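Participant: Here you go, one structure.
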Amino acid sequence: MLLAALLAALPLAEAIMEWREIRKFEAGLVVLQRPSARGSDWVVWEDRDGSITASHVFPEGPGHEGGIRAGDEFYALEFQQYFNAEDLNNAIAGIQPGQTRDMILVRSGKPIDVSVTFARHPTFLYPGSTGVWQFALWAFTIGAFFHVLGLVIATPLARHSPRSRGDLVMIGISALWIIGNTLRLALVELFGPPDAGTTYDVLFQSLTIAGLVGWIGFPAVLLQTLIRDAKLFTFTGGRIHLLIHLVPVTLLVGVLVAAAQGHVGPFTLEKMLVPILFYASSFIGGAAVVALSMGLSGTEAGELPWGRFESLFILLFALLAGLAVTDVIPVFTSMSESMAAWTIVSAQLLAVVPVTLYTIGTLRYGKVDEVLNRTIVYSLSLGLIFFAFVGGMTILNRFVDASGTTQVVLEGLFVVVLLVIFERVSRRIRTLTSTLFSTERQRGRQVINRFQETASEIMDIDALAQKAIDVAGRVFDARSSIIFLRSPADDSWIVKRHRPEPPYLTEQVFESIWSHFEFAPTIWARNPELNEHRISDSHEQELKRYHAALAVPIRGEGRATGLMILSYKARRGSVYNLDDLDQLRSLAGNLALAVERLSLVEREKSLAAESSEAHLVALRSQINPHFLFNALNTLLALIGEKPEEAEEVVEHLAAIFRHTLQTGSKPFVTMDEETSLVEHYLAIEQARFGDRLRLTCDIDESLRSHPVPAFAIQTLVENAIKHGLERSRKQCALTIEVEPVEGPASATPWARVTVSDTGVGIPYLFGERHRKTDRHPFFGIGLSNVYDRLERLYQRDDLLGYVSDPESGTQASILIPANRLSPD
């Protein structure tokens with residue numbers, strides 16, 4: 001690598017020696033003119049059949065504006081004749097940008113006079129022909145597009161590891177070069193070459209400097225990164241790195257000074273291109289040598305920047321480029337100017353291939369699917385808006401005779417209409433692209449969502465653990481996976497495996513690493529790009545010895561209650577990425593809540609045995625996390641698109657928690673308090689279901705103060721939503737009626753609460769014509785809780801009843817006496 005730095009310094013040293021010679025020659029002389037920027041007429045002059053001919057004239061360039069056309073033959077410049085294209089080009093280069101000169105040309109055998117105002121020479125742009133210009137424009141545009149995508153994908157990764165931050169810096173520096181050059185190409189294509197001294201010229205030169213900074217920077221960063229990965233120069237790294245950065249820093253200072261003053265000694269910005277190109281070739285070649293040595297030294301394939309074939313290709317390319325730039329191989333002298341332009345533009349684009357190959361290894365850990373899907377959606381939406389606007393305005397101008405203020409108003413109204421239409425269209429495009437480009441990761445999300453829905457119905461901790469690890473192993477295609485889950489009954493470890501393979505991770509080994517995760521429940525990843533959790537080197541090696549790729553804690557309240565460990569993916573070359581980590585967090589969160597629910601069930605059984613009613617009521621407020629998860633998912637979906645509705649959902653959720661805290665220990669609340677809780681609950685569900693849910697609530701005012709067992713009505717409503725409406729694809733109605741009924745042998749009327757839904761119904765009750773008041777098999781934890789409490793409080797078992805059929809849905813009703821009948 002030191003050799004690469006020394007080689008890169010050769011043209012720079014040669015330039016410095018030449019400067020010294022010039023300084024000696026200038027001693028005692030009066031220097032009338034310092035070197036300045038090169039002039040250009042943006043015309044390709046070539047020797048052809050004994051004359052100098054304009055083979056290509058750039059459209060909107062100074063030559064074209066002055067009257068030069070392709071095929072014109074040169075005769076004289078300011079009455080000075082030149083007899084070969086090289087002498088003419090040197091003469092044009094010596095003209096200051098902004099100066100005007102007269103030319104005599106021959107067109108169709110007749111002499112013509114033209115006057116050309118010369119522009120600045122296009123540094124690193126090659127308008128050698130229409131073909132090469134269009135190729136450069138589109139190729140750099142595509143390169144800029146992929147650099148932007150790379151920056152979007154790499155930015156979230158940079159929060160996880162220093163390596164990812166280094167890759168982000170590398171992509172950013174490379175993007176300076178690619179995007180800077182793309183903008184210059186686009187500006188010239190749209191507005192032509194800049195006139196000297198204008199604001200446009202200042203902007204153009206600023207982009208040129210930014211591009212050269214990127215061009216100088218990315219080879220040094222690439223070589224530095226590979227040296228770090230290869231762990232070279234462990235003891236003398238500081239000095240070696242200083243020497244490696246000496247050349248690019250010197251070049252960078254020279255470019256900035258030349259841009260500010262117009263020259264560095266006798267050298268203009270254009271004359272520094274050969275040292276810059278040779279330096280880039282040397283450093284890229286040095287990076288290829290480091291990568292090749294890593295492959296030969298037995299570095300794991302997953303840690304290599306690219307393969308051996310790619311290393312050899314990059315090394316050969318860098319070698320040829322370096323020899324061609326220094327004219328050791330006279331490549332450019334034997335080419336036409338157009339062919340040389342093709343070669344240089346292709347070489348510029350190929351030079352960023354090493355950066356692309358290296359960063360792909362990191363970017364695949366990012367949210368590639370999500371970024372690509374959004375890119376497609378935004379591109380299609382913006383493209384449709386553009387064509388609709390252009391087409392609509394064309395039609396509008398054709399049939400509506402308007403001008404001035406009227407024209408501006410019509411255009412504004414048309415834009416407003418387009419925005420309203422395409423706000424809806426973009427949603428449909430997003431849905432369509434998600435359907436058309438459905439990936440394994442999206443299908444995996446659906447499997448995890450189904451696990452979330454069914455986890456609350458699994459009442460056995462062993463079955464729950466096995467189901468969870470099977471879902472993780474199948475969704476993420478892990479070669480093997482294992483889960484350690486603490487039992488809520490006796491604190492023992494439940495161990496379940498999916499596709500086990502040796503070496504088998506034992507409970508003893510797990511216990512040795514558990515302390516690192518119990519109170520710091522973040523994900524450990526074998527790849528530094530994803531790793532969020534620092535553990536000791538010995539324990540990290542232990543995990544790697546058992547082929548662990550990820551360790552995902554199952555986070556409980558303040559501490560982890562278990563650990564999922566996944567090995568490498570089964571498909572060769574596949575890796576885990578940020579999307580996978582997000583899904584694993586979701587899976588672990590659902591599992592933790594399911595375990596907590598089972599723990600609460602165990603506590604409920606204990607409390608029921610002790611007849612501790614106060615604890616039962618408090619337990620009811622925690623028993624079902626299903627609603628909380630749905631509420632948070634609804635909130636997450638609304639934050640981006642409908643922030644006002646999201647704020648309302650937060651307020652309703654806060655009201656529910658306040659009610660829980662205030663009434664959780666009370667066996668009874670008033671009808672008004674209970675229905676208020678239900679209203680907050682239904683407001684959140686309305687935001688979740690939207691137009692699919694129609695709500696009706698009718699409460700007799702005389703029953704507002706009627707005592708109701710806490711959470712009884714809310715449980716019926718929640719059960720109707722979860723088991724009736726969620727499973728229906730059609731629009732459904734939910735009706736709540738509270739009315740007085742005559743109680744047996746009581747002067748005070750009872751309250752009858754009826755919750756009706758038009759959902760899928762309860763198959764167990766189909767065919768039953770009368771209200772069933774038994775304890776039914778379809779009762780879950782919530783309904784069983786309500787049934788038992790009603791029986792204990794009122795000494796009756798016929799107060800909760802159900803009737804259901806597939807046509808009209810389900811009707812649940814509770815009869816609530818005016819007074820508690822059981823003893824206190």
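Residue numbers start at 1 in each chain; chains themselves are named A, B, ... in the order of the structure tokens; ligands are numbered from 1 in the order shown.
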With stretch 759-783 of chain A as the partner and 10 Å as the cut-off, tabulate the residues of stretch 435-535 of chain A that qualify, each row holding the nearest pair of atoms and their distance in Å to one decimal, using only C-alpha atoms, sorted by chain and rising number, as a Markdown table.

Facilitator:
```
| residue | atom | partner | partner_atom | distance |
| --- | --- | --- | --- | --- |
| A:Ser456 | CA | A:Gly780 | CA | 9.5 |
| A:Glu457 | CA | A:Gly780 | CA | 7.9 |
| A:Met459 | CA | A:Ile781 | CA | 9.9 |
```

Participant: Excluding A:Val132 and any residue of its chain fewer than 2 positions from it, enumerate the residues within 8 Å of it, using only C-alpha atoms, and give them as a list in words.

Facilitator: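 Counting only C-alpha atoms, the residues come to Tyr126, Pro127, Gly128, Ser129, Thr130, Gln134, Phe135, Ala136, Ser338, Ala341, Trp342 and Val345 of chain A.
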
Participant: What's around A:Arg555 at 10 Å? Count only C-alpha atoms, leave out sequence neighbours fewer than 2 positions away in its own chain, and write the answer as an MDAnalysis selection string.

Facilitator: chainID A and resid 517:522 552:553 557:563 585 588:593

Participant: Residues of the last selection are to be written out with N, CA and C atoms, as a PDB file, in the first residue's frame.

Facilitator:
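What landed in part-v9.pdb:
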```pdb
ATOM      1  N   PHE A 517     -27.872 -10.589  28.375  1.00  0.00           N
ATOM      2  CA  PHE A 517     -29.101 -10.203  27.702  1.00  0.00           C
ATOM      3  C   PHE A 517     -30.259  -9.910  28.659  1.00  0.00           C
ATOM      4  N   GLU A 518     -30.179 -10.400  29.889  1.00  0.00           N
ATOM      5  CA  GLU A 518     -31.331 -10.325  30.772  1.00  0.00           C
ATOM      6  C   GLU A 518     -31.746  -8.888  31.059  1.00  0.00           C
ATOM      7  N   PHE A 519     -30.783  -8.015  31.309  1.00  0.00           N
ATOM      8  CA  PHE A 519     -31.119  -6.639  31.643  1.00  0.00           C
ATOM      9  C   PHE A 519     -30.698  -5.640  30.556  1.00  0.00           C
ATOM     10  N   ALA A 520     -30.233  -6.130  29.424  1.00  0.00           N
ATOM     11  CA  ALA A 520     -29.911  -5.275  28.276  1.00  0.00           C
ATOM     12  C   ALA A 520     -30.482  -5.938  27.029  1.00  0.00           C
ATOM     13  N   PRO A 521     -31.812  -5.939  26.904  1.00  0.00           N
ATOM     14  CA  PRO A 521     -32.460  -6.739  25.855  1.00  0.00           C
ATOM     15  C   PRO A 521     -32.427  -6.100  24.472  1.00  0.00           C
ATOM     16  N   THR A 522     -31.236  -6.029  23.873  1.00  0.00           N
ATOM     17  CA  THR A 522     -31.095  -5.592  22.485  1.00  0.00           C
ATOM     18  C   THR A 522     -30.529  -6.742  21.663  1.00  0.00           C
ATOM     19  N   VAL A 552     -31.931 -12.819  19.712  1.00  0.00           N
ATOM     20  CA  VAL A 552     -33.025 -11.851  19.858  1.00  0.00           C
ATOM     21  C   VAL A 552     -33.671 -12.025  21.232  1.00  0.00           C
ATOM     22  N   PRO A 553     -33.508 -11.072  22.143  1.00  0.00           N
ATOM     23  CA  PRO A 553     -34.137 -11.179  23.464  1.00  0.00           C
ATOM     24  C   PRO A 553     -35.660 -11.034  23.364  1.00  0.00           C
ATOM     25  N   GLU A 557     -41.153  -6.874  31.096  1.00  0.00           N
ATOM     26  CA  GLU A 557     -41.195  -5.580  31.771  1.00  0.00           C
ATOM     27  C   GLU A 557     -39.852  -5.316  32.444  1.00  0.00           C
ATOM     28  N   GLY A 558     -38.979  -4.531  31.771  1.00  0.00           N
ATOM     29  CA  GLY A 558     -37.706  -4.139  32.349  1.00  0.00           C
ATOM     30  C   GLY A 558     -36.600  -5.164  32.195  1.00  0.00           C
ATOM     31  N   ARG A 559     -36.922  -6.384  31.786  1.00  0.00           N
ATOM     32  CA  ARG A 559     -35.914  -7.414  31.634  1.00  0.00           C
ATOM     33  C   ARG A 559     -36.391  -8.413  30.599  1.00  0.00           C
ATOM     34  N   ALA A 560     -35.429  -9.179  30.079  1.00  0.00           N
ATOM     35  CA  ALA A 560     -35.778 -10.194  29.093  1.00  0.00           C
ATOM     36  C   ALA A 560     -36.301 -11.437  29.789  1.00  0.00           C
ATOM     37  N   THR A 561     -37.257 -12.105  29.147  1.00  0.00           N
ATOM     38  CA  THR A 561     -37.809 -13.344  29.698  1.00  0.00           C
ATOM     39  C   THR A 561     -37.407 -14.557  28.869  1.00  0.00           C
ATOM     40  N   GLY A 562     -36.590 -14.347  27.869  1.00  0.00           N
ATOM     41  CA  GLY A 562     -36.153 -15.461  27.040  1.00  0.00           C
ATOM     42  C   GLY A 562     -35.269 -14.973  25.910  1.00  0.00           C
ATOM     43  N   LEU A 563     -34.809 -15.903  25.082  1.00  0.00           N
ATOM     44  CA  LEU A 563     -33.875 -15.574  24.008  1.00  0.00           C
ATOM     45  C   LEU A 563     -34.121 -16.510  22.827  1.00  0.00           C
ATOM     46  N   ARG A 585     -38.165  -8.210  16.137  1.00  0.00           N
ATOM     47  CA  ARG A 585     -38.588  -7.451  17.321  1.00  0.00           C
ATOM     48  C   ARG A 585     -40.100  -7.560  17.510  1.00  0.00           C
ATOM     49  N   ALA A 588     -40.856 -11.060  18.753  1.00  0.00           N
ATOM     50  CA  ALA A 588     -40.456 -11.193  20.160  1.00  0.00           C
ATOM     51  C   ALA A 588     -41.388 -10.400  21.071  1.00  0.00           C
ATOM     52  N   GLY A 589     -41.835  -9.219  20.616  1.00  0.00           N
ATOM     53  CA  GLY A 589     -42.765  -8.424  21.414  1.00  0.00           C
ATOM     54  C   GLY A 589     -44.101  -9.117  21.596  1.00  0.00           C
ATOM     55  N   ASN A 590     -44.628  -9.692  20.497  1.00  0.00           N
ATOM     56  CA  ASN A 590     -45.890 -10.441  20.594  1.00  0.00           C
ATOM     57  C   ASN A 590     -45.741 -11.639  21.519  1.00  0.00           C
ATOM     58  N   LEU A 591     -44.599 -12.314  21.403  1.00  0.00           N
ATOM     59  CA  LEU A 591     -44.371 -13.489  22.244  1.00  0.00           C
ATOM     60  C   LEU A 591     -44.280 -13.083  23.718  1.00  0.00           C
ATOM     61  N   ALA A 592     -43.592 -11.969  23.997  1.00  0.00           N
ATOM     62  CA  ALA A 592     -43.474 -11.506  25.381  1.00  0.00           C
ATOM     63  C   ALA A 592     -44.843 -11.180  25.971  1.00  0.00           C
ATOM     64  N   LEU A 593     -45.707 -10.548  25.159  1.00  0.00           N
ATOM     65  CA  LEU A 593     -47.044 -10.238  25.656  1.00  0.00           C
ATOM     66  C   LEU A 593     -47.869 -11.508  25.871  1.00  0.00           C
TER      67      LEU A 593
END
```

Participant: Give the helix (DSSP H, G or I) residues of stretch 427-605 of chain A, as DSSP finds them on the backbone, and put them as an MDAnalysis selection string.

Facilitator: chainID A and resid 427:436 440:455 461:475 507:518 537:545 578:605

Participant: Need to verify the contact set: stretch 716-724 of chain A, 10 Å, only C-alpha atoms, exclusion of same-chain residues closer than 6 positions in sequence. Can you return it as a PDB file with N, CA, C and O atoms, in the first residue's frame?

Facilitator:
```
ATOM      1  N   GLU A 453     -52.219 -12.834  15.898  1.00  0.00           N
ATOM      2  CA  GLU A 453     -53.654 -12.989  16.083  1.00  0.00           C
ATOM      3  C   GLU A 453     -53.999 -14.261  16.860  1.00  0.00           C
ATOM      4  O   GLU A 453     -54.982 -14.295  17.604  1.00  0.00           O
ATOM      5  N   ASN A 624     -55.787  -8.700  28.256  1.00  0.00           N
ATOM      6  CA  ASN A 624     -55.711  -8.921  26.810  1.00  0.00           C
ATOM      7  C   ASN A 624     -54.899  -7.832  26.114  1.00  0.00           C
ATOM      8  O   ASN A 624     -55.384  -6.713  25.957  1.00  0.00           O
ATOM      9  N   HIS A 626     -54.175  -7.767  23.051  1.00  0.00           N
ATOM     10  CA  HIS A 626     -54.523  -7.737  21.626  1.00  0.00           C
ATOM     11  C   HIS A 626     -54.975  -6.341  21.198  1.00  0.00           C
ATOM     12  O   HIS A 626     -54.540  -5.808  20.174  1.00  0.00           O
ATOM     13  N   PHE A 627     -55.865  -5.717  22.013  1.00  0.00           N
ATOM     14  CA  PHE A 627     -56.359  -4.390  21.675  1.00  0.00           C
ATOM     15  C   PHE A 627     -55.233  -3.363  21.662  1.00  0.00           C
ATOM     16  O   PHE A 627     -55.152  -2.519  20.775  1.00  0.00           O
ATOM     17  N   VAL A 678     -66.250   2.423  26.810  1.00  0.00           N
ATOM     18  CA  VAL A 678     -66.568   1.758  25.539  1.00  0.00           C
ATOM     19  C   VAL A 678     -66.477   2.745  24.382  1.00  0.00           C
ATOM     20  O   VAL A 678     -65.989   2.409  23.290  1.00  0.00           O
ATOM     21  N   TYR A 681     -62.898   3.227  23.500  1.00  0.00           N
ATOM     22  CA  TYR A 681     -62.425   2.000  22.832  1.00  0.00           C
ATOM     23  C   TYR A 681     -62.897   1.951  21.380  1.00  0.00           C
ATOM     24  O   TYR A 681     -62.116   1.670  20.453  1.00  0.00           O
ATOM     25  N   LEU A 682     -64.177   2.245  21.147  1.00  0.00           N
ATOM     26  CA  LEU A 682     -64.731   2.180  19.786  1.00  0.00           C
ATOM     27  C   LEU A 682     -64.175   3.286  18.893  1.00  0.00           C
ATOM     28  O   LEU A 682     -64.073   3.109  17.672  1.00  0.00           O
ATOM     29  N   GLU A 685     -61.108   1.805  17.515  1.00  0.00           N
ATOM     30  CA  GLU A 685     -61.425   0.776  16.519  1.00  0.00           C
ATOM     31  C   GLU A 685     -61.990   1.392  15.245  1.00  0.00           C
ATOM     32  O   GLU A 685     -61.762   0.885  14.139  1.00  0.00           O
ATOM     33  N   LEU A 693     -66.569  -0.155   9.447  1.00  0.00           N
ATOM     34  CA  LEU A 693     -67.288  -0.293  10.710  1.00  0.00           C
ATOM     35  C   LEU A 693     -68.283   0.848  10.873  1.00  0.00           C
ATOM     36  O   LEU A 693     -67.928   2.028  10.800  1.00  0.00           O
ATOM     37  N   CYS A 732     -69.426  -3.887   8.270  1.00  0.00           N
ATOM     38  CA  CYS A 732     -70.172  -4.445   9.385  1.00  0.00           C
ATOM     39  C   CYS A 732     -70.712  -3.326  10.274  1.00  0.00           C
ATOM     40  O   CYS A 732     -70.174  -2.220  10.305  1.00  0.00           O
ATOM     41  N   LEU A 734     -72.047  -2.381  14.279  1.00  0.00           N
ATOM     42  CA  LEU A 734     -72.004  -2.734  15.696  1.00  0.00           C
ATOM     43  C   LEU A 734     -72.991  -1.817  16.423  1.00  0.00           C
ATOM     44  O   LEU A 734     -72.907  -0.590  16.307  1.00  0.00           O
ATOM     45  N   THR A 735     -73.923  -2.442  17.154  1.00  0.00           N
ATOM     46  CA  THR A 735     -74.968  -1.675  17.840  1.00  0.00           C
ATOM     47  C   THR A 735     -74.943  -1.997  19.327  1.00  0.00           C
ATOM     48  O   THR A 735     -74.858  -3.170  19.718  1.00  0.00           O
ATOM     49  N   ILE A 736     -75.001  -0.943  20.154  1.00  0.00           N
ATOM     50  CA  ILE A 736     -75.060  -1.101  21.610  1.00  0.00           C
ATOM     51  C   ILE A 736     -76.355  -0.456  22.099  1.00  0.00           C
ATOM     52  O   ILE A 736     -76.607   0.730  21.838  1.00  0.00           O
ATOM     53  N   VAL A 753     -78.221  -4.806  28.620  1.00  0.00           N
ATOM     54  CA  VAL A 753     -77.240  -4.293  27.662  1.00  0.00           C
ATOM     55  C   VAL A 753     -77.115  -5.302  26.524  1.00  0.00           C
ATOM     56  O   VAL A 753     -76.796  -6.472  26.760  1.00  0.00           O
ATOM     57  N   THR A 754     -77.394  -4.848  25.304  1.00  0.00           N
ATOM     58  CA  THR A 754     -77.333  -5.728  24.127  1.00  0.00           C
ATOM     59  C   THR A 754     -76.266  -5.215  23.175  1.00  0.00           C
ATOM     60  O   THR A 754     -76.284  -4.042  22.775  1.00  0.00           O
ATOM     61  N   VAL A 755     -75.316  -6.089  22.838  1.00  0.00           N
ATOM     62  CA  VAL A 755     -74.251  -5.757  21.875  1.00  0.00           C
ATOM     63  C   VAL A 755     -74.462  -6.646  20.649  1.00  0.00           C
ATOM     64  O   VAL A 755     -74.326  -7.869  20.725  1.00  0.00           O
ATOM     65  N   SER A 756     -74.833  -6.030  19.537  1.00  0.00           N
ATOM     66  CA  SER A 756     -75.124  -6.776  18.304  1.00  0.00           C
ATOM     67  C   SER A 756     -74.096  -6.423  17.244  1.00  0.00           C
ATOM     68  O   SER A 756     -73.709  -5.253  17.099  1.00  0.00           O
ATOM     69  N   ASP A 757     -73.642  -7.436  16.508  1.00  0.00           N
ATOM     70  CA  ASP A 757     -72.738  -7.189  15.383  1.00  0.00           C
ATOM     71  C   ASP A 757     -73.200  -7.999  14.185  1.00  0.00           C
ATOM     72  O   ASP A 757     -73.823  -9.054  14.329  1.00  0.00           O
ATOM     73  N   THR A 758     -72.898  -7.501  12.994  1.00  0.00           N
ATOM     74  CA  THR A 758     -73.267  -8.192  11.747  1.00  0.00           C
ATOM     75  C   THR A 758     -72.060  -8.910  11.159  1.00  0.00           C
ATOM     76  O   THR A 758     -71.884  -8.961   9.946  1.00  0.00           O
ATOM     77  N   GLY A 759     -71.204  -9.424  12.037  1.00  0.00           N
ATOM     78  CA  GLY A 759     -69.990 -10.113  11.600  1.00  0.00           C
ATOM     79  C   GLY A 759     -70.259 -11.535  11.141  1.00  0.00           C
ATOM     80  O   GLY A 759     -71.361 -11.885  10.703  1.00  0.00           O
ATOM     81  N   VAL A 760     -69.219 -12.369  11.283  1.00  0.00           N
ATOM     82  CA  VAL A 760     -69.281 -13.721  10.716  1.00  0.00           C
ATOM     83  C   VAL A 760     -70.130 -14.669  11.555  1.00  0.00           C
ATOM     84  O   VAL A 760     -70.483 -15.765  11.108  1.00  0.00           O
ATOM     85  N   GLY A 761     -70.492 -14.279  12.776  1.00  0.00           N
ATOM     86  CA  GLY A 761     -71.287 -15.152  13.627  1.00  0.00           C
ATOM     87  C   GLY A 761     -70.448 -16.187  14.353  1.00  0.00           C
ATOM     88  O   GLY A 761     -69.239 -16.308  14.147  1.00  0.00           O
ATOM     89  N   ILE A 762     -71.123 -16.942  15.242  1.00  0.00           N
ATOM     90  CA  ILE A 762     -70.459 -17.975  16.038  1.00  0.00           C
ATOM     91  C   ILE A 762     -71.012 -19.325  15.599  1.00  0.00           C
ATOM     92  O   ILE A 762     -72.179 -19.654  15.889  1.00  0.00           O
ATOM     93  N   PHE A 779     -66.180 -19.507  24.836  1.00  0.00           N
ATOM     94  CA  PHE A 779     -65.780 -18.468  25.780  1.00  0.00           C
ATOM     95  C   PHE A 779     -64.248 -18.492  25.955  1.00  0.00           C
ATOM     96  O   PHE A 779     -63.666 -19.536  26.244  1.00  0.00           O
ATOM     97  N   GLY A 780     -63.640 -17.341  25.786  1.00  0.00           N
ATOM     98  CA  GLY A 780     -62.221 -17.202  26.069  1.00  0.00           C
ATOM     99  C   GLY A 780     -62.023 -16.702  27.489  1.00  0.00           C
ATOM    100  O   GLY A 780     -62.919 -16.772  28.346  1.00  0.00           O
ATOM    101  N   GLY A 782     -61.711 -13.571  28.588  1.00  0.00           N
ATOM    102  CA  GLY A 782     -62.523 -12.412  28.932  1.00  0.00           C
ATOM    103  C   GLY A 782     -63.955 -12.770  29.247  1.00  0.00           C
ATOM    104  O   GLY A 782     -64.512 -12.359  30.281  1.00  0.00           O
ATOM    105  N   LEU A 783     -64.625 -13.530  28.355  1.00  0.00           N
ATOM    106  CA  LEU A 783     -66.023 -13.892  28.571  1.00  0.00           C
ATOM    107  C   LEU A 783     -66.175 -14.811  29.789  1.00  0.00           C
ATOM    108  O   LEU A 783     -67.151 -14.701  30.542  1.00  0.00           O
ATOM    109  N   VAL A 786     -66.152 -12.585  32.767  1.00  0.00           N
ATOM    110  CA  VAL A 786     -67.426 -11.883  32.959  1.00  0.00           C
ATOM    111  C   VAL A 786     -68.495 -12.839  33.510  1.00  0.00           C
ATOM    112  O   VAL A 786     -69.245 -12.506  34.440  1.00  0.00           O
ATOM    113  N   LEU A 800     -75.792 -13.694  31.350  1.00  0.00           N
ATOM    114  CA  LEU A 800     -75.048 -13.480  30.099  1.00  0.00           C
ATOM    115  C   LEU A 800     -75.574 -14.463  29.064  1.00  0.00           C
ATOM    116  O   LEU A 800     -75.535 -15.687  29.281  1.00  0.00           O
ATOM    117  N   GLY A 809     -75.580 -12.231  12.083  1.00  0.00           N
ATOM    118  CA  GLY A 809     -74.459 -12.033  12.971  1.00  0.00           C
ATOM    119  C   GLY A 809     -74.753 -12.507  14.392  1.00  0.00           C
ATOM    120  O   GLY A 809     -75.483 -13.479  14.601  1.00  0.00           O
ATOM    121  N   THR A 810     -74.198 -11.801  15.383  1.00  0.00           N
ATOM    122  CA  THR A 810     -74.254 -12.250  16.781  1.00  0.00           C
ATOM    123  C   THR A 810     -74.861 -11.165  17.653  1.00  0.00           C
ATOM    124  O   THR A 810     -74.617  -9.964  17.441  1.00  0.00           O
ATOM    125  N   GLN A 811     -75.617 -11.620  18.651  1.00  0.00           N
ATOM    126  CA  GLN A 811     -76.201 -10.698  19.634  1.00  0.00           C
ATOM    127  C   GLN A 811     -75.864 -11.223  21.026  1.00  0.00           C
ATOM    128  O   GLN A 811     -76.221 -12.345  21.386  1.00  0.00           O
ATOM    129  N   ALA A 812     -75.130 -10.416  21.778  1.00  0.00           N
ATOM    130  CA  ALA A 812     -74.781 -10.752  23.158  1.00  0.00           C
ATOM    131  C   ALA A 812     -75.520  -9.803  24.088  1.00  0.00           C
ATOM    132  O   ALA A 812     -75.625  -8.603  23.802  1.00  0.00           O
ATOM    133  N   SER A 813     -76.032 -10.332  25.210  1.00  0.00           N
ATOM    134  CA  SER A 813     -76.779  -9.471  26.122  1.00  0.00           C
ATOM    135  C   SER A 813     -76.452  -9.821  27.570  1.00  0.00           C
ATOM    136  O   SER A 813     -76.167 -10.970  27.905  1.00  0.00           O
ATOM    137  N   ILE A 814     -76.462  -8.776  28.415  1.00  0.00           N
ATOM    138  CA  ILE A 814     -76.250  -8.938  29.850  1.00  0.00           C
ATOM    139  C   ILE A 814     -77.436  -8.306  30.584  1.00  0.00           C
ATOM    140  O   ILE A 814     -77.819  -7.159  30.298  1.00  0.00           O
TER     141      ILE A 814
END
```

Participant: Which residues in stretch 673-809 of chain A does DSSP call strand (DSSP E or B)? List them as a PyMOL selection string.

Facilitator: chain A and resi 693-699+707-709+732-741+750-757+772+800-805+809

Participant: Using atom CA of A:Lys544 and atom CA of A:Pro354 as the two end points, give the distance in Å to one decimal.

Facilitator: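 Value for the atom CA of A:Lys544-atom CA of A:Pro354 distance: 29.4 Å.
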
Participant: Just checking: using only C-alpha atoms, which residue out of A:Phe689, A:Leu530, A:Gly217, A:Arg424 ends up closest to A:Ser728?

Facilitator: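 Going through A:Phe689, A:Leu530, A:Gly217, A:Arg424 one by one, the smallest distance to A:Ser728 is for A:Phe689.
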
Participant: Give me, as a VMD selection string, all polymer residues having an atom no more than 12 Å from A:Pro707, counting only C-alpha atoms and skipping those fewer than 4 positions away in the same chain.

Facilitator: chain A and resid 666 to 675 703 711 to 713 749 to 751 793 815 to 820

Participant: Quick one: residues within 10 Å of A:His160, only C-alpha atoms, excluding same-chain residues fewer than 5 positions away - as JSON, numbers by chain?

Facilitator: {"A": [155, 165, 528, 529, 530, 531, 532, 533]}

Participant: Keeping only C-alpha atoms, write those residues as a CSV table (one decimal), in the first residue's frame.

Facilitator:
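Output file part-v9.csv is given in full below:
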```csv
chain,number,residue,atom,x,y,z
A,155,THR,CA,-28.1,5.9,6.6
A,165,ARG,CA,-20.6,4.7,9.0
A,528,PRO,CA,-21.3,-5.6,12.7
A,529,GLU,CA,-23.7,-3.8,10.4
A,530,LEU,CA,-26.6,-5.0,12.4
A,531,ASN,CA,-25.2,-5.5,15.9
A,532,GLU,CA,-26.8,-3.5,18.7
A,533,HIS,CA,-25.5,-5.5,21.6
```

Participant: Might you pull out every residue within 12 Å of A:Leu584, with only C-alpha atoms counted and same-chain residues fewer than 5 positions away left off, and present them as a PyMOL selection string?

Facilitator: chain A and resi 441+444-445+447-449+468-469+471-473+475-476+522-524+550-555+563-566+576-579+589-592

Participant: Using only C-alpha atoms, can you tell me which of A:Asp700, A:Met170, A:Leu125, A:Ala70 comes closest to A:Ala340?

Facilitator: A:Leu125

Participant: So which one's closest to A:Arg474, A:Val371, A:Ala351, A:Lys569, A:Gln541? Using only C-alpha atoms, please.

Facilitator: A:Lys569

Participant: Of the candidates A:Gln348, A:Ser804, A:Gln442, A:Thr123, which shows the shortest atom-to-atom distance to A:Ile209, using only C-alpha atoms?

Facilitator: A:Thr123

Participant: Under the rule that only C-alpha atoms are counted, which of A:Ala594, A:Leu242, A:Val409, A:Val390 is the nearest residue to A:Lys467?

Facilitator: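 Of the candidates, the smallest distance to A:Lys467 is held by A:Ala594.
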
Participant: Between A:Gly690, A:Gly71, A:Pro248, A:Pro740, which residue has the minimum interatomic distance to A:His706, considering only C-alpha atoms?

Facilitator: A:Pro740
